[in-house]
$ cat structure-v8.txt   # compact mmCIF, C-alpha atoms
# COMPACT_ATOMS: atom_id res chain seq x y z
CA MET A 60 155.94 116.95 90.79
CA LYS A 61 156.46 114.66 87.77
CA PRO A 62 157.31 116.30 84.43
CA CYS A 63 154.24 114.79 82.80
CA ARG A 64 152.01 116.34 85.50
CA LEU A 65 153.81 119.66 85.12
CA PHE A 66 153.30 119.51 81.40
CA LEU A 67 149.60 118.82 81.90
CA ALA A 68 149.45 121.99 83.95
CA LEU A 69 150.65 123.77 80.84
CA LEU A 70 148.84 121.75 78.21
CA ALA A 71 145.48 121.82 79.85
CA CYS A 72 145.33 125.44 78.89
CA SER A 73 145.68 124.77 75.18
CA ILE A 74 142.49 123.62 73.58
CA THR A 75 141.37 125.31 70.35
CA LEU A 76 142.76 128.80 70.30
CA ALA A 77 141.34 131.03 67.54
CA ILE A 78 138.20 133.03 66.76
CA PRO A 79 135.84 132.38 63.86
CA GLN A 80 132.73 134.39 64.76
CA ILE A 81 130.16 131.77 63.76
CA SER A 82 127.12 130.87 65.85
CA ALA A 83 124.41 128.23 65.62
CA ALA A 84 121.89 130.96 64.81
CA GLN A 85 124.02 132.06 61.85
CA THR A 86 124.42 128.55 60.46
CA GLY A 87 120.87 127.50 61.26
CA THR A 88 122.09 124.02 62.20
CA GLN A 89 122.03 121.88 65.32
CA ARG A 90 125.35 121.25 67.01
CA THR A 91 126.92 117.84 66.44
CA THR A 92 130.31 116.43 67.33
CA ASP A 93 131.41 116.82 63.71
CA SER A 94 130.19 120.40 63.41
CA VAL A 95 131.88 121.48 66.66
CA LEU A 96 135.16 119.83 65.66
CA GLY A 97 134.91 121.46 62.25
CA LEU A 98 134.58 124.92 63.77
CA MET A 99 137.42 124.18 66.20
CA ASP A 100 139.54 123.06 63.26
CA HIS A 101 138.82 126.28 61.41
CA ALA A 102 139.57 128.32 64.53
CA ALA A 103 142.92 126.65 65.22
CA GLN A 104 144.25 127.62 61.79
CA GLY A 105 144.42 131.28 62.79
CA PHE A 106 145.99 130.87 66.22
CA HIS A 107 149.23 132.74 66.94
CA SER A 108 149.33 133.77 70.62
CA LEU A 109 147.11 134.15 73.65
CA THR A 110 147.08 135.38 77.23
CA ALA A 111 144.47 134.65 79.90
CA ASN A 112 143.83 134.56 83.61
CA ILE A 113 143.92 130.99 84.88
CA GLU A 114 142.46 129.24 87.91
CA HIS A 115 143.68 125.72 88.64
CA VAL A 116 141.64 123.51 90.99
CA LYS A 117 142.93 120.12 92.17
CA PHE A 118 140.62 117.66 93.95
CA THR A 119 141.97 114.59 95.79
CA ALA A 120 139.16 112.21 96.64
CA VAL A 121 140.82 110.01 99.27
CA VAL A 122 141.29 112.98 101.65
CA ASN A 123 138.40 115.05 100.22
CA ASP A 124 140.81 117.92 99.67
CA THR A 125 140.44 120.79 97.19
CA SER A 126 143.33 123.14 96.47
CA LYS A 127 143.31 126.19 94.22
CA GLU A 128 145.91 128.42 92.64
CA THR A 129 145.58 131.38 90.29
CA GLY A 130 147.81 133.18 87.84
CA GLN A 131 148.41 134.25 84.25
CA LEU A 132 148.86 132.15 81.13
CA TYR A 133 150.91 133.08 78.05
CA VAL A 134 150.91 130.85 74.96
CA ARG A 135 152.54 131.12 71.56
CA LYS A 136 152.16 128.84 68.56
CA ASP A 137 155.86 127.94 68.38
CA ASP A 138 155.76 125.51 71.35
CA LYS A 139 156.34 128.27 73.91
CA MET A 140 154.19 128.56 77.02
CA ARG A 141 154.44 130.24 80.39
CA ILE A 142 152.27 130.17 83.50
CA ASP A 143 152.98 132.65 86.27
CA ILE A 144 151.26 131.37 89.41
CA THR A 145 150.66 134.32 91.74
CA ALA A 146 148.57 132.82 94.58
CA PRO A 147 148.74 131.25 97.04
CA ASP A 148 152.46 130.73 96.35
CA GLN A 149 154.44 132.21 93.49
CA ARG A 150 155.76 129.84 90.84
CA THR A 151 156.72 130.07 87.17
CA ILE A 152 156.28 127.19 84.72
CA LEU A 153 158.02 127.75 81.39
CA ARG A 154 158.10 125.49 78.34
CA THR A 155 160.27 126.15 75.30
CA GLY A 156 160.42 123.22 72.88
CA ASP A 157 161.42 120.08 74.77
CA SER A 158 162.58 121.97 77.87
CA LEU A 159 160.32 122.52 80.88
CA PHE A 160 161.38 124.76 83.76
CA VAL A 161 159.73 125.28 87.14
CA TYR A 162 160.99 128.24 89.18
CA THR A 163 159.99 128.64 92.84
CA PRO A 164 160.96 132.11 94.17
CA LYS A 165 160.41 131.17 97.81
CA ILE A 166 163.42 128.84 97.72
CA ASN A 167 165.10 130.45 94.67
CA ARG A 168 165.22 127.11 92.88
CA VAL A 169 164.80 126.10 89.22
CA GLU A 170 163.91 122.56 88.20
CA GLU A 171 164.62 121.66 84.56
CA TYR A 172 163.04 118.71 82.77
CA ASN A 173 163.76 117.34 79.31
CA LEU A 174 160.49 116.29 77.70
CA GLY A 175 162.18 114.60 74.75
CA LYS A 176 161.70 110.99 75.80
CA ASN A 177 158.13 111.76 76.86
CA ARG A 178 157.36 113.57 73.61
CA ASN A 179 154.91 110.97 72.32
CA LEU A 180 152.81 111.26 75.47
CA VAL A 181 153.21 115.02 75.52
CA ASP A 182 152.04 115.34 71.93
CA GLN A 183 148.80 113.59 72.85
CA TYR A 184 147.90 116.75 74.74
CA VAL A 185 149.45 119.17 72.27
CA LEU A 186 147.07 117.75 69.67
CA LEU A 187 144.23 119.40 71.55
CA GLY A 188 145.14 122.79 70.11
CA PHE A 189 147.68 125.20 68.69
CA GLY A 190 146.74 124.77 65.05
CA THR A 191 146.75 120.99 64.89
CA ARG A 192 144.03 119.52 62.66
CA THR A 193 141.19 117.85 64.51
CA THR A 194 141.72 114.74 62.38
CA GLU A 195 144.77 114.21 64.60
CA VAL A 196 142.64 114.73 67.71
CA ARG A 197 140.27 112.02 66.47
CA LYS A 198 143.23 109.73 65.91
CA ASN A 199 144.15 109.89 69.60
CA TYR A 200 140.77 110.38 71.29
CA ASP A 201 137.21 109.17 71.05
CA VAL A 202 135.34 112.49 70.94
CA LYS A 203 131.66 113.21 71.53
CA LEU A 204 129.51 116.26 72.11
CA THR A 205 127.63 115.72 75.39
CA GLY A 206 125.51 118.88 75.29
CA GLU A 207 125.37 122.65 75.48
CA GLU A 208 125.42 124.70 78.69
CA GLU A 209 125.99 128.22 79.97
CA LEU A 210 129.27 129.12 81.65
CA ASP A 211 130.31 132.62 82.72
CA GLY A 212 127.21 133.96 80.96
CA LYS A 213 128.28 132.39 77.66
CA LYS A 214 126.84 129.50 75.68
CA VAL A 215 129.31 126.64 75.52
CA ALA A 216 129.57 123.30 73.76
CA VAL A 217 130.69 120.51 76.10
CA LEU A 218 132.97 117.87 74.59
CA GLU A 219 134.16 114.63 76.15
CA LEU A 220 137.48 113.11 75.04
CA THR A 221 138.51 109.57 75.94
CA PRO A 222 142.17 108.70 75.21
CA LYS A 223 142.69 105.72 72.93
CA SER A 224 146.23 105.06 74.19
CA ASP A 225 146.70 102.75 77.19
CA ASP A 226 149.69 104.84 78.29
CA VAL A 227 147.65 108.04 78.30
CA ARG A 228 144.77 106.39 80.17
CA LYS A 229 147.20 105.46 82.94
CA GLN A 230 147.40 109.21 83.60
CA ILE A 231 144.10 110.65 82.37
CA THR A 232 140.94 108.59 81.79
CA LYS A 233 138.73 111.33 80.38
CA ILE A 234 138.76 115.04 79.51
CA GLN A 235 135.80 117.43 79.46
CA MET A 236 136.05 120.73 77.58
CA TRP A 237 133.73 123.72 77.69
CA ILE A 238 134.14 125.65 74.40
CA ASP A 239 132.73 129.17 73.99
CA GLU A 240 130.42 129.05 70.98
CA ALA A 241 130.99 132.73 70.18
CA SER A 242 134.79 132.74 70.13
CA TRP A 243 135.63 129.01 70.03
CA LEU A 244 138.08 129.52 72.86
CA PRO A 245 138.18 127.19 75.88
CA LEU A 246 136.55 128.54 79.04
CA GLN A 247 137.12 125.45 81.16
CA GLN A 248 138.71 121.98 81.07
CA LYS A 249 138.44 119.09 83.49
CA PHE A 250 140.95 116.24 83.51
CA PHE A 251 139.86 113.03 85.25
CA GLU A 252 142.86 111.19 86.68
CA ALA A 253 143.31 107.42 86.82
CA THR A 254 142.92 107.47 90.63
CA ALA A 255 139.19 107.16 91.25
CA GLY A 256 137.55 110.49 92.01
CA ASP A 257 140.65 112.64 91.49
CA TYR A 258 140.59 115.44 88.93
CA PHE A 259 142.10 118.80 88.10
CA LEU A 260 140.23 121.65 86.49
CA PHE A 261 141.33 124.76 84.63
CA HIS A 262 139.12 127.81 84.28
CA TYR A 263 140.06 130.74 82.01
CA SER A 264 138.94 134.35 81.94
CA ASP A 265 139.86 137.59 80.18
CA LEU A 266 141.24 135.72 77.17
CA LYS A 267 143.08 137.89 74.64
CA GLU A 268 144.59 136.81 71.34
CA ASP A 269 147.42 137.97 69.10
CA LEU A 270 148.72 140.77 71.31
CA LYS A 271 151.29 142.93 69.52
CA LYS A 272 153.23 143.42 72.76
CA PHE A 273 153.66 139.66 73.15
CA SER A 274 157.46 139.81 73.13
CA GLU A 275 160.13 137.12 73.13
CA ASN A 276 161.15 138.31 76.61
CA LYS A 277 158.07 136.64 78.09
CA PHE A 278 159.60 133.24 77.27
CA LYS A 279 163.11 133.90 78.52
CA GLN A 280 164.56 132.34 81.66
CA ASP A 281 164.23 135.51 83.70
CA TRP A 282 164.82 134.15 87.19
CA PRO A 283 167.85 135.29 89.25
CA LYS A 284 171.25 134.09 88.07
CA ASN A 285 172.05 132.82 91.57
CA ALA A 286 169.03 130.51 91.65
CA THR A 287 169.80 126.87 92.45
CA HIS A 288 169.45 124.86 89.21
CA VAL A 289 168.64 121.14 89.39
CA LYS A 290 167.60 118.45 86.91
CA PRO A 291 165.41 115.97 88.83
CA GLN A 292 165.16 112.43 87.57
CA PRO A 293 161.69 111.39 86.30

$ encode --input "structure-v8.txt" --output "structure tokens"
Amino acid sequence: MKPCRLFLALLACSITLAIPQISAAQTGTQRTTDSVLGLMDHAAQGFHSLTANIEHVKFTAVVNDTSKETGQLYVRKDDKMRIDITAPDQRTILRTGDSLFVYTPKINRVEEYNLGKNRNLVDQYVLLGFGTRTTEVRKNYDVKLTGEEELDGKKVAVLELTPKSDDVRKQITKIQMWIDEASWLPLQQKFFEATAGDYFLFHYSDLKEDLKKFSENKFKQDWPKNATHVKPQP
């Protein structure tokens, strides 16, 4: 698994993470791309940490195959993220700064990647959340509001982001985001890959922000000391 793809597995869970309790009924206005981005911008300013259940679906068109894995997501504003995949196979993905680790208990193996030289590409996805101003999002994506729907019994605004960078479009051609209009947290994201028909989708539930028990231990390398440690080449 390439480090960029691994990072997407982390970053896809990161869009607009804070809660201004403002609804269309309260403002009395119709949703527009600008108004949604403005509310997202306001929301991101207050983000500190978050945990959520995560479901990751990967569809490969050429073989008409759909795979699914589930787990728990932990995010903190200081570039620290962790995903504990619990089913069907256990796996831990940990990012701290420029370091990305993937631990597979079944084979007791840790893969370590340095994201430094891929930082420009990585930051394209980081700009989707974690307190970054939406002016930066606009700089890297063409953004439009495509409509409003209901997802998980909640009203959501659906945004479509098209990367402006040729390098990014070689990986991801388009992103759809379903944003909860009550909390301004992401409920779902769909990443369309450059291979025709392929995509991966992230669905979130039981989102909780700013937990006091969110300790530094959650972002430590807590796998066994005797685990095999490798640094694969990109």

$ closest_residue --input "structure-v8.txt" --among "A:Glu268, A:Val227, A:Gln235, A:Met140" --to "Leu204 of chain A" --atoms "only C-alpha atoms"
A:Gln235

$ atom_distance --input "structure-v8.txt" --atom1 "atom CA of Ile142 of chain A" --atom2 "atom CA of His115 of chain A"
11.0 Å

$ atom_distance --input "structure-v8.txt" --atom1 "atom CA of Thr193 of chain A" --atom2 "atom CA of Lys136 of chain A"
16.0 Å

$ atom_distance --input "structure-v8.txt" --atom1 "atom CA of Thr125 of chain A" --atom2 "atom CA of Leu260 of chain A"
10.7 Å

$ closest_residue --input "structure-v8.txt" --among "A:Tyr258, A:Ile234, A:Ala241, A:Ile113" --to "Glu209 of chain A" --atoms "only C-alpha atoms"
A:Ala241

$ closest_residue --input "structure-v8.txt" --among "A:Glu195, A:Asp100, A:Asp93, A:Asp143" --to "Lys277 of chain A" --atoms "all atoms listed in the file"
A:Asp143

$ closest_residue --input "structure-v8.txt" --among "A:Asp281, A:Glu128, A:Asp138, A:Asp239" --to "Leu210 of chain A" --atoms "all atoms listed in the file"
A:Asp239

$ closest_residue --input "structure-v8.txt" --among "A:Asn199, A:Met236, A:Thr287, A:Thr129" --to "Val116 of chain A" --atoms "all atoms listed in the file"
A:Thr129

$ closest_residue --input "structure-v8.txt" --among "A:Ala102, A:Leu96, A:Ile231, A:Leu153" --to "Phe251 of chain A" --atoms "all atoms listed in the file"
A:Ile231
